[in-house]
$ cat start_4.cif   # mmCIF, C-alpha atoms
data_structure
#
loop_
_atom_site.label_atom_id
_atom_site.label_comp_id
_atom_site.auth_asym_id
_atom_site.auth_seq_id
_atom_site.Cartn_x
_atom_site.Cartn_y
_atom_site.Cartn_z
CA MET A 1 11.53 46.37 63.72
CA ASP A 2 9.21 44.91 66.37
CA GLU A 3 6.38 44.49 63.88
CA LYS A 4 4.89 40.97 64.19
CA PRO A 5 4.16 38.95 61.05
CA PRO A 6 0.44 38.59 60.25
CA THR A 7 -1.11 35.55 61.89
CA ILE A 8 -4.17 33.49 61.09
CA VAL A 9 -6.94 33.78 63.63
CA LEU A 10 -9.11 30.67 63.63
CA SER A 11 -12.87 30.97 63.80
CA GLU A 12 -14.78 28.96 66.41
CA GLN A 13 -15.86 26.49 63.73
CA GLN A 14 -12.27 26.02 62.57
CA LYS A 15 -11.12 25.47 66.16
CA ARG A 16 -13.87 22.91 66.79
CA SER A 17 -13.17 20.96 63.61
CA ARG A 18 -9.41 21.03 64.23
CA ARG A 19 -9.95 19.71 67.77
CA ALA A 20 -12.19 16.90 66.46
CA ARG A 21 -9.60 15.96 63.82
CA SER A 22 -6.81 15.99 66.41
CA ILE A 23 -8.80 13.68 68.70
CA ALA A 24 -9.53 11.33 65.78
CA ILE A 25 -5.82 11.18 64.85
CA ALA A 26 -4.88 10.51 68.50
CA LEU A 27 -7.44 7.71 68.75
CA ALA A 28 -6.25 6.18 65.46
CA LEU A 29 -2.62 6.24 66.59
CA GLY A 30 -3.57 4.82 70.00
CA ALA A 31 -5.52 2.02 68.28
CA LEU A 32 -2.50 1.28 66.08
CA VAL A 33 -0.24 0.99 69.15
CA ILE A 34 -2.73 -1.38 70.85
CA LEU A 35 -3.09 -3.39 67.63
CA PHE A 36 0.67 -3.91 67.30
CA TYR A 37 0.92 -4.77 71.00
CA VAL A 38 -1.88 -7.35 70.88
CA VAL A 39 -0.67 -8.92 67.62
CA THR A 40 2.83 -9.20 69.08
CA LEU A 41 1.36 -11.07 72.07
CA VAL A 42 -0.66 -13.32 69.78
CA LYS A 43 2.19 -14.15 67.43
CA GLY A 44 4.77 -14.49 70.15
CA PRO A 45 8.48 -13.90 69.71
CA GLY A 46 8.40 -15.21 66.14
CA VAL A 47 6.39 -12.18 64.97
CA LEU A 48 9.04 -11.28 62.40
CA ASN A 49 9.29 -14.82 61.00
CA ARG A 50 6.60 -15.06 58.35
CA PRO A 51 6.45 -17.14 55.21
CA LEU A 52 5.76 -15.08 52.13
CA MET B 1 -19.85 33.21 58.95
CA SER B 2 -18.04 30.02 58.05
CA LEU B 3 -14.77 30.10 56.20
CA LEU B 4 -14.44 27.49 53.52
CA VAL B 5 -11.29 25.58 52.94
CA SER B 6 -9.39 26.43 49.79
CA GLU B 7 -11.78 29.11 48.71
CA GLY B 8 -11.23 29.78 45.04
CA ALA B 9 -9.74 26.37 44.35
CA GLU B 10 -10.32 25.06 40.85
CA PHE B 11 -10.15 21.39 39.99
CA THR B 12 -8.56 19.55 37.11
CA ALA B 13 -7.92 15.82 36.98
CA GLY B 14 -5.59 14.98 39.81
CA SER B 15 -4.37 18.47 40.51
CA VAL B 16 -5.31 21.83 41.88
CA VAL B 17 -5.05 24.77 39.54
CA SER B 18 -5.22 27.24 42.38
CA ALA B 19 -5.90 26.88 46.03
CA GLY B 20 -6.40 29.35 48.81
CA HIS B 21 -4.86 29.04 52.23
CA GLU B 22 -7.84 29.15 54.54
CA PRO B 23 -7.56 26.85 57.57
CA SER B 24 -9.60 23.70 57.17
CA ILE B 25 -13.13 23.26 58.52
CA ALA B 26 -13.18 19.59 57.49
CA SER B 27 -14.94 17.41 60.06
CA VAL B 28 -14.02 13.83 60.93
CA GLY B 29 -17.16 12.84 59.01
CA ASP B 30 -15.79 14.50 55.87
CA TYR B 31 -12.69 12.30 56.06
CA VAL B 32 -14.88 9.24 56.64
CA ALA B 33 -16.91 10.20 53.55
CA LEU B 34 -13.63 10.49 51.62
CA MET B 35 -13.07 6.78 52.30
CA LYS B 36 -16.35 5.76 50.58
CA PRO B 37 -17.72 3.77 53.54
CA ARG B 38 -20.40 1.96 51.49
CA VAL B 39 -17.80 0.64 49.04
CA MET B 40 -15.60 -0.21 52.02
CA SER B 41 -18.36 -2.31 53.58
CA LEU B 42 -18.70 -4.42 50.41
CA VAL B 43 -14.91 -4.81 50.21
CA VAL B 44 -14.73 -5.92 53.85
CA PHE B 45 -17.61 -8.37 53.41
CA THR B 46 -16.13 -10.05 50.31
CA ALA B 47 -12.67 -10.12 51.91
CA LEU B 48 -14.19 -11.69 55.02
CA VAL B 49 -15.69 -14.44 52.87
CA GLY B 50 -12.33 -15.11 51.20
CA LEU B 51 -10.73 -15.25 54.63
CA VAL B 52 -13.34 -17.53 56.23
CA ILE B 53 -13.59 -20.09 53.42
CA ALA B 54 -9.80 -20.46 53.21
CA PRO B 55 -8.47 -23.72 54.65
CA GLY B 56 -6.74 -23.79 58.00
CA HIS B 57 -7.20 -21.84 61.21
CA MET B 58 -6.54 -18.15 61.63
CA HIS B 59 -6.31 -16.43 65.00
CA PRO B 60 -9.26 -14.00 65.37
CA VAL B 61 -6.93 -11.08 66.18
CA ILE B 62 -4.88 -11.70 63.02
CA ALA B 63 -8.08 -12.07 60.98
CA PHE B 64 -9.40 -8.79 62.41
CA THR B 65 -6.08 -7.11 61.61
CA ALA B 66 -6.23 -8.35 58.03
CA LEU B 67 -9.80 -7.09 57.57
CA LEU B 68 -8.95 -3.74 59.18
CA CYS B 69 -6.00 -3.28 56.82
CA ILE B 70 -8.09 -4.25 53.79
CA ALA B 71 -10.82 -1.80 54.90
CA VAL B 72 -8.32 1.04 55.36
CA GLY B 73 -6.67 0.18 52.03
CA ALA B 74 -10.08 0.42 50.35
CA GLY B 75 -10.63 3.74 52.13
CA ALA B 76 -7.28 4.98 50.84
CA ALA B 77 -8.28 4.03 47.30
CA GLY B 78 -11.57 5.90 47.78
CA ALA B 79 -9.78 9.03 49.01
CA LEU B 80 -7.26 8.96 46.14
CA ASN B 81 -10.12 8.40 43.67
CA MET B 82 -11.95 11.45 45.03
CA TRP B 83 -8.75 13.48 44.84
CA TYR B 84 -8.17 12.60 41.18
CA ASP B 85 -11.82 12.83 40.15
CA ALA B 86 -12.69 16.07 41.94
CA ASP B 87 -13.30 17.80 38.59
CA ILE B 88 -15.75 15.09 37.52
CA ASP B 89 -17.43 14.90 40.93
CA ALA B 90 -18.07 18.65 40.87
CA VAL B 91 -20.25 18.46 37.73
CA MET B 92 -22.11 15.21 38.46
CA THR B 93 -25.31 15.39 40.52
CA ARG B 94 -24.60 12.11 42.30
CA THR B 95 -21.15 13.19 43.52
CA SER B 96 -21.30 16.99 43.73
CA ASN B 97 -21.84 16.92 47.50
CA ARG B 98 -18.59 15.05 48.17
CA PRO B 99 -16.10 16.81 50.48
CA ILE B 100 -13.68 18.07 47.79
CA PRO B 101 -16.25 19.60 45.38
CA GLN B 102 -17.96 21.08 48.44
CA ARG B 103 -14.57 22.55 49.35
CA ARG B 104 -14.61 21.21 52.87
CA ILE B 105 -11.40 19.27 52.15
CA ALA B 106 -8.63 20.60 49.90
CA PRO B 107 -7.45 18.25 47.12
CA GLY B 108 -3.93 18.17 48.54
CA GLU B 109 -5.28 17.11 51.95
CA ALA B 110 -7.22 14.27 50.33
CA LEU B 111 -4.12 13.18 48.41
CA ALA B 112 -1.99 13.15 51.58
CA PHE B 113 -4.73 11.35 53.52
CA GLY B 114 -5.01 8.66 50.81
CA ILE B 115 -1.25 8.12 50.52
CA VAL B 116 -0.80 7.86 54.32
CA LEU B 117 -3.69 5.40 54.66
CA ALA B 118 -2.45 3.31 51.73
CA GLY B 119 1.07 3.19 53.19
CA PHE B 120 -0.11 2.29 56.69
CA SER B 121 -2.61 -0.35 55.52
CA VAL B 122 -0.17 -2.12 53.19
CA GLY B 123 2.74 -1.89 55.65
CA THR B 124 0.68 -3.12 58.60
CA LEU B 125 -0.85 -5.98 56.60
CA GLY B 126 2.61 -7.06 55.48
CA LEU B 127 4.25 -6.78 58.90
CA LEU B 128 1.49 -8.40 60.92
CA VAL B 129 -0.24 -10.81 58.52
CA SER B 130 1.24 -11.64 55.10
CA TRP B 131 3.39 -9.86 52.56
CA LEU B 132 1.56 -11.62 49.71
CA ALA B 133 -1.74 -10.18 50.97
CA ALA B 134 -0.06 -6.80 51.40
CA GLY B 135 1.30 -6.96 47.84
CA LEU B 136 -2.16 -7.78 46.51
CA LEU B 137 -3.66 -4.90 48.51
CA ALA B 138 -1.03 -2.50 47.15
CA PHE B 139 -1.68 -3.75 43.62
CA THR B 140 -5.44 -3.31 44.11
CA VAL B 141 -5.02 0.32 45.23
CA PHE B 142 -2.62 0.92 42.31
CA PHE B 143 -5.01 -0.72 39.85
CA TYR B 144 -8.01 1.27 41.11
CA ILE B 145 -6.23 4.63 41.07
CA VAL B 146 -3.77 4.44 38.19
CA VAL B 147 -5.34 1.92 35.80
CA TYR B 148 -9.03 2.60 36.42
CA THR B 149 -9.37 6.17 37.74
CA ALA B 150 -6.54 7.95 35.94
CA TRP B 151 -6.48 5.95 32.71
CA LEU B 152 -9.51 3.85 31.76
CA LYS B 153 -12.34 5.86 33.30
CA ARG B 154 -11.82 8.85 31.02
CA SER B 155 -10.68 6.99 27.91
CA THR B 156 -12.81 3.92 27.17
CA PRO B 157 -16.38 2.61 27.61
CA GLN B 158 -14.76 -0.63 28.83
CA ASN B 159 -13.59 1.33 31.91
CA ILE B 160 -15.71 -0.47 34.46
CA VAL B 161 -15.23 -3.87 32.80
CA ILE B 162 -11.44 -3.83 33.23
CA GLY B 163 -11.54 -1.56 36.27
CA GLY B 164 -13.95 -3.98 37.90
CA ALA B 165 -10.95 -6.20 38.63
CA ALA B 166 -10.03 -3.78 41.44
CA GLY B 167 -13.31 -4.56 43.20
CA ALA B 168 -12.83 -8.28 42.58
CA PHE B 169 -9.51 -8.59 44.42
CA PRO B 170 -10.65 -8.35 48.09
CA PRO B 171 -11.69 -12.03 48.50
CA MET B 172 -8.33 -12.98 47.05
CA ILE B 173 -6.57 -10.71 49.54
CA GLY B 174 -8.59 -12.32 52.34
CA TRP B 175 -7.62 -15.80 51.13
CA ALA B 176 -3.96 -14.79 50.83
CA ALA B 177 -4.05 -13.33 54.35
CA ALA B 178 -5.39 -16.63 55.71
CA THR B 179 -3.24 -19.07 53.76
CA GLY B 180 -0.19 -17.12 52.58
CA GLY B 181 -0.95 -18.32 49.03
CA ILE B 182 -3.45 -18.25 46.19
CA SER B 183 -5.38 -21.16 44.65
CA LEU B 184 -8.34 -21.71 42.33
CA GLU B 185 -11.10 -20.97 44.88
CA PRO B 186 -10.35 -17.24 45.32
CA TRP B 187 -9.98 -16.90 41.55
CA LEU B 188 -13.56 -18.16 41.21
CA LEU B 189 -14.74 -15.49 43.67
CA PHE B 190 -12.71 -12.94 41.70
CA LEU B 191 -14.51 -13.97 38.50
CA ILE B 192 -17.95 -13.72 40.12
CA ILE B 193 -17.34 -10.08 41.12
CA PHE B 194 -15.59 -9.35 37.81
CA PHE B 195 -18.57 -10.48 35.70
CA TRP B 196 -21.06 -8.98 38.16
CA THR B 197 -19.58 -5.47 37.92
CA PRO B 198 -20.61 -4.51 34.34
CA PRO B 199 -24.37 -5.21 34.68
CA HIS B 200 -24.30 -3.63 38.14
CA PHE B 201 -22.65 -0.38 37.02
CA TRP B 202 -24.25 -0.12 33.60
CA ALA B 203 -27.69 -0.45 35.20
CA LEU B 204 -26.80 2.58 37.32
CA SER B 205 -25.25 4.48 34.42
CA LEU B 206 -28.39 3.96 32.28
CA THR B 207 -30.23 6.22 34.71
CA ARG B 208 -27.38 8.76 34.86
CA THR B 209 -26.45 9.06 31.20
CA GLU B 210 -26.82 12.86 31.13
CA ASP B 211 -24.69 13.18 34.24
CA TYR B 212 -21.88 11.11 32.70
CA ALA B 213 -22.16 12.95 29.37
CA ARG B 214 -21.91 16.31 31.15
CA ALA B 215 -18.77 15.09 32.94
CA ARG B 216 -17.43 13.77 29.60
CA ILE B 217 -17.04 10.24 30.97
CA PRO B 218 -17.25 7.69 28.12
CA MET B 219 -19.61 5.30 29.90
CA LEU B 220 -21.16 2.74 27.58
CA PRO B 221 -24.64 4.39 27.44
CA VAL B 222 -23.00 7.72 26.52
CA VAL B 223 -20.74 6.28 23.81
CA ALA B 224 -22.68 3.31 22.40
CA GLY B 225 -26.24 4.25 23.41
CA GLY B 226 -28.90 2.65 25.58
CA THR B 227 -29.73 -0.23 23.24
CA GLU B 228 -26.17 -1.56 23.06
CA THR B 229 -25.75 -1.08 26.82
CA ARG B 230 -28.92 -3.10 27.49
CA ARG B 231 -27.63 -5.86 25.17
CA GLN B 232 -24.27 -5.94 26.98
CA ILE B 233 -26.02 -6.00 30.38
CA LEU B 234 -28.00 -9.06 29.30
CA LEU B 235 -24.91 -10.82 27.91
CA TYR B 236 -22.92 -10.27 31.10
CA SER B 237 -25.89 -11.33 33.24
CA ILE B 238 -26.21 -14.59 31.25
CA THR B 239 -22.46 -15.18 31.60
CA LEU B 240 -22.74 -14.55 35.32
CA VAL B 241 -25.04 -17.58 35.82
CA PRO B 242 -22.38 -20.29 35.17
CA VAL B 243 -19.66 -18.14 36.72
CA GLY B 244 -21.76 -17.81 39.88
CA LEU B 245 -22.28 -21.58 39.88
CA ALA B 246 -18.57 -22.31 39.44
CA PRO B 247 -17.70 -22.79 43.15
CA TRP B 248 -20.36 -25.54 43.27
CA LEU B 249 -19.47 -26.99 39.82
CA PHE B 250 -15.82 -27.29 40.91
CA GLY B 251 -16.90 -29.00 44.12
CA TYR B 252 -15.84 -26.27 46.52
CA ALA B 253 -19.36 -25.39 47.70
CA ASP B 254 -22.32 -27.62 48.51
CA ALA B 255 -25.77 -27.91 46.92
CA VAL B 256 -27.30 -25.09 48.98
CA TYR B 257 -24.88 -22.69 47.36
CA GLY B 258 -25.47 -24.26 43.93
CA ILE B 259 -29.25 -23.86 44.15
CA THR B 260 -28.92 -20.31 45.54
CA ALA B 261 -26.51 -19.29 42.77
CA LEU B 262 -28.76 -20.81 40.10
CA VAL B 263 -31.95 -19.14 41.34
CA ALA B 264 -30.26 -15.79 41.97
CA GLY B 265 -28.55 -15.97 38.57
CA LEU B 266 -31.84 -16.63 36.80
CA PHE B 267 -33.42 -13.67 38.63
CA MET B 268 -30.47 -11.53 37.52
CA VAL B 269 -31.08 -12.58 33.90
CA ALA B 270 -34.82 -11.89 34.30
CA PHE B 271 -34.12 -8.36 35.60
CA ALA B 272 -31.62 -7.79 32.78
CA TRP B 273 -34.21 -9.06 30.25
CA ARG B 274 -36.67 -6.49 31.59
CA VAL B 275 -34.04 -3.76 31.24
CA ARG B 276 -33.50 -4.87 27.64
CA ASN B 277 -37.21 -4.62 26.83
CA GLU B 278 -38.15 -1.46 28.78
CA ARG B 279 -36.34 1.25 26.86
CA GLU B 280 -38.35 4.43 27.32
CA GLY B 281 -39.35 6.76 30.12
CA ALA B 282 -40.05 6.01 33.75
CA ARG B 283 -40.53 2.27 33.16
CA ALA B 284 -37.02 2.01 31.70
CA ASP B 285 -35.57 3.90 34.68
CA ARG B 286 -37.49 1.67 37.07
CA ALA B 287 -36.26 -1.50 35.35
CA ALA B 288 -32.64 -0.27 35.54
CA HIS B 289 -33.07 0.66 39.22
CA HIS B 290 -34.51 -2.77 39.97
CA LEU B 291 -31.59 -4.52 38.27
CA PHE B 292 -29.11 -2.30 40.12
CA ALA B 293 -30.77 -3.03 43.48
CA PHE B 294 -31.07 -6.76 42.77
CA SER B 295 -27.44 -6.99 41.65
CA ILE B 296 -26.36 -5.86 45.14
CA LEU B 297 -28.65 -8.46 46.71
CA TYR B 298 -27.29 -11.10 44.28
CA LEU B 299 -23.70 -10.60 45.32
CA PHE B 300 -24.58 -10.35 49.00
CA VAL B 301 -26.64 -13.57 48.98
CA LEU B 302 -24.02 -15.63 47.11
CA PHE B 303 -21.21 -14.51 49.39
CA ALA B 304 -23.38 -14.83 52.50
CA VAL B 305 -24.10 -18.49 51.65
CA LEU B 306 -20.37 -19.08 51.10
CA LEU B 307 -19.68 -17.38 54.43
CA VAL B 308 -22.16 -19.61 56.27
CA GLU B 309 -20.72 -22.70 54.58
CA GLY B 310 -17.23 -21.54 55.54
CA VAL B 311 -18.25 -21.00 59.17
CA LEU B 312 -19.93 -24.41 59.26
CA GLY B 313 -16.89 -25.98 57.60
CA GLY B 314 -18.66 -26.93 54.37
CA PHE B 315 -16.58 -25.00 51.86
CA GLY B 316 -13.84 -26.93 50.15
CA GLY B 317 -15.59 -30.23 50.79
#
$ encode --input "start_4.cif" --output "structure tokens"
Amino acid sequence: MDEKPPTIVLSEQQKRSRRARSIAIALALGALVILFYVVTLVKGPGVLNRPL
Amino acid sequence: MSLLVSEGAEFTAGSVVSAGHEPSIASVGDYVALMKPRVMSLVVFTALVGLVIAPGHMHPVIAFTALLCIAVGAGAAGALNMWYDADIDAVMTRTSNRPIPQRRIAPGEALAFGIVLAGFSVGTLGLLVSWLAAGLLAFTVFFYIVVYTAWLKRSTPQNIVIGGAAGAFPPMIGWAAATGGISLEPWLLFLIIFFWTPPHFWALSLTRTEDYARARIPMLPVVAGGTETRRQILLYSITLVPVGLAPWLFGYADAVYGITALVAGLFMVAFAWRVRNEREGARADRAAHHLFAFSILYLFVLFAVLLVEGVLGGFGG
């Protein structure tokens, strides 16, 4: 009854590459937040009023 | 010992027949490679030219945002192309070391990566810059993946002629991002890239005929033979001369551009003429390589002159 389900044990290489990918995703998301912030400042309050 | 992602995966066009469940060892570099950075750089450069020569002023942050979105959109198209073409890439020498055939990235991961990037790039471009530019970017990704990659590439020797339109859109997207509209000038840039693409790609494919035949891709040299391909290369190169001159003929660019386009166009024809006449052995391969290399220089020089004129305020009279 207490038997645990089999788990995946990551190798060192898998851990390193996963960490690098996680950092890259975090940086990309951070850059996106900064981009939206800066563009909002540049465009001012009319940021949602754009001609097609 | 390293564990490979998706060990035992087999590729068919746009799908995975079977895939294992090994955790990924894909590096950040593998995902960058998935975005075809060299193609991206050409896309960004031509889009930048479209953006700079457009009339009016654009805030540098908005211009940077537009170029970033176009670059990421191009990367998304590259990733989706590699996902769909993994079966072809695996058997071609030139592409066999890409991340999916090397099994460092699973096809499903590449598909998800491409869709997410495409969604973010189009959405961000629309929200922050222009919905017309975003629509054009979305259409370009659609055209490259659905029309070119999934349909034309495997079915007709005219694949890169029609599919070349996908590579010709970026200056138009740049123009649309800057102006919110489209006029004749970006169409002229579109035509330059459109007529430049066949001699550029066919010069490359002349030296990779066996590769394309092995992958069962109906490139012109495989289907119609080297002689017909060389004739078509020359015809397109001759057509490219007046098309390259068009921005000057229509009065949008000054004489420096006109002279540059004329000289570069004549060189392009001269290289194509050499390809037509050198048909056997190493000399034929060398002639095709020279045309391929010069074609890149041709496009770069023409757009660089337009860029300089745009920066100096010369374009558009």
$ resolve_selection --input "start_4.cif" --expression "the PyMOL selection byres ((chain B) within 9 of (chain A))" --output "PyMOL selection string"
chain B and resi 1-3+22-28+59+61-62+65+124+127-132+180-181
$ atom_distance --input "start_4.cif" --atom1 "atom CA of Pro170 of chain B" --atom2 "atom CA of Val43 of chain B"
5.9 Å
$ resolve_selection --input "start_4.cif" --expression "the PyMOL selection byres ((chain B and resi 278) around 12)" --output "PyMOL selection string"
chain B and resi 206+226-227+230-231+271-277+279-291
$ write_last_selection --input "start_4.cif" --atoms "C-alpha atoms" --output "PDB file, in the coordinates of the input"
ATOM      1  CA  LEU B 206     -28.390   3.960  32.280  1.00  0.00           C
ATOM      2  CA  GLY B 226     -28.900   2.650  25.580  1.00  0.00           C
ATOM      3  CA  THR B 227     -29.730  -0.230  23.240  1.00  0.00           C
ATOM      4  CA  ARG B 230     -28.920  -3.100  27.490  1.00  0.00           C
ATOM      5  CA  ARG B 231     -27.630  -5.860  25.170  1.00  0.00           C
ATOM      6  CA  PHE B 271     -34.120  -8.360  35.600  1.00  0.00           C
ATOM      7  CA  ALA B 272     -31.620  -7.790  32.780  1.00  0.00           C
ATOM      8  CA  TRP B 273     -34.210  -9.060  30.250  1.00  0.00           C
ATOM      9  CA  ARG B 274     -36.670  -6.490  31.590  1.00  0.00           C
ATOM     10  CA  VAL B 275     -34.040  -3.760  31.240  1.00  0.00           C
ATOM     11  CA  ARG B 276     -33.500  -4.870  27.640  1.00  0.00           C
ATOM     12  CA  ASN B 277     -37.210  -4.620  26.830  1.00  0.00           C
ATOM     13  CA  ARG B 279     -36.340   1.250  26.860  1.00  0.00           C
ATOM     14  CA  GLU B 280     -38.350   4.430  27.320  1.00  0.00           C
ATOM     15  CA  GLY B 281     -39.350   6.760  30.120  1.00  0.00           C
ATOM     16  CA  ALA B 282     -40.050   6.010  33.750  1.00  0.00           C
ATOM     17  CA  ARG B 283     -40.530   2.270  33.160  1.00  0.00           C
ATOM     18  CA  ALA B 284     -37.020   2.010  31.700  1.00  0.00           C
ATOM     19  CA  ASP B 285     -35.570   3.900  34.680  1.00  0.00           C
ATOM     20  CA  ARG B 286     -37.490   1.670  37.070  1.00  0.00           C
ATOM     21  CA  ALA B 287     -36.260  -1.500  35.350  1.00  0.00           C
ATOM     22  CA  ALA B 288     -32.640  -0.270  35.540  1.00  0.00           C
ATOM     23  CA  HIS B 289     -33.070   0.660  39.220  1.00  0.00           C
ATOM     24  CA  HIS B 290     -34.510  -2.770  39.970  1.00  0.00           C
ATOM     25  CA  LEU B 291     -31.590  -4.520  38.270  1.00  0.00           C
TER      26      LEU B 291
END
$ closest_residue --input "start_4.cif" --among "B:Arg154, B:Leu184, B:Val161, B:Ile70" --to "Phe120 of chain B" --atoms "all atoms listed in the file"
B:Ile70
$ residues_around --input "start_4.cif" --residues "Ala293 of chain B" --least-positions-apart "6" --cutoff "10 Å" --atoms "all atoms listed in the file" --output "list of chain:residue names"
B:His200, B:Ala203, B:Leu204, B:Ala287
$ write_last_selection --input "start_4.cif" --atoms "C-alpha atoms" --output "PDB file, in the frame of the given file"
ATOM      1  CA  HIS B 200     -24.300  -3.630  38.140  1.00  0.00           C
ATOM      2  CA  ALA B 203     -27.690  -0.450  35.200  1.00  0.00           C
ATOM      3  CA  LEU B 204     -26.800   2.580  37.320  1.00  0.00           C
ATOM      4  CA  ALA B 287     -36.260  -1.500  35.350  1.00  0.00           C
TER       5      ALA B 287
END
$ residues_around --input "start_4.cif" --residues "Val116 of chain B" --least-positions-apart "5" --cutoff "10 Å" --atoms "only C-alpha atoms" --output "list in words"
Gly73, Ala76, Ala110, Leu111 and Ser121 of chain B
$ atom_distance --input "start_4.cif" --atom1 "atom CA of Phe139 of chain B" --atom2 "atom CA of Ala77 of chain B"
10.8 Å
$ closest_residue --input "start_4.cif" --among "B:Asp89, B:Ala74, B:Tyr84, B:Phe143" --to "Val122 of chain B" --atoms "only C-alpha atoms"
B:Ala74
$ atom_distance --input "start_4.cif" --atom1 "atom CA of Arg94 of chain B" --atom2 "atom CA of Phe169 of chain B"
25.7 Å
$ residues_around --input "start_4.cif" --residues "segment 244-248 of chain B" --least-positions-apart "4" --cutoff "10 Å" --atoms "all atoms listed in the file" --output "VMD selection string"
chain B and resid 184 to 189 191 to 193 195 to 196 239 to 240 252 to 262 264 to 265 298 to 299 302 306 315 to 316
$ closest_residue --input "start_4.cif" --among "B:Ile160, B:Ala33, B:Leu42, B:Leu117" --to "Ala28 of chain A" --atoms "only C-alpha atoms"
B:Leu117
$ residues_around --input "start_4.cif" --residues "segment 218-222 of chain B" --least-positions-apart "3" --cutoff "12 Å" --atoms "all atoms listed in the file" --output "VMD selection string"
chain B and resid 151 to 161 198 to 199 201 to 215 225 to 233
$ residues_around --input "start_4.cif" --residues "Phe113 of chain B" --least-positions-apart "6" --cutoff "9 Å" --atoms "all atoms listed in the file" --output "list in words"
Tyr31, Ala76, Ala79 and Leu80 of chain B
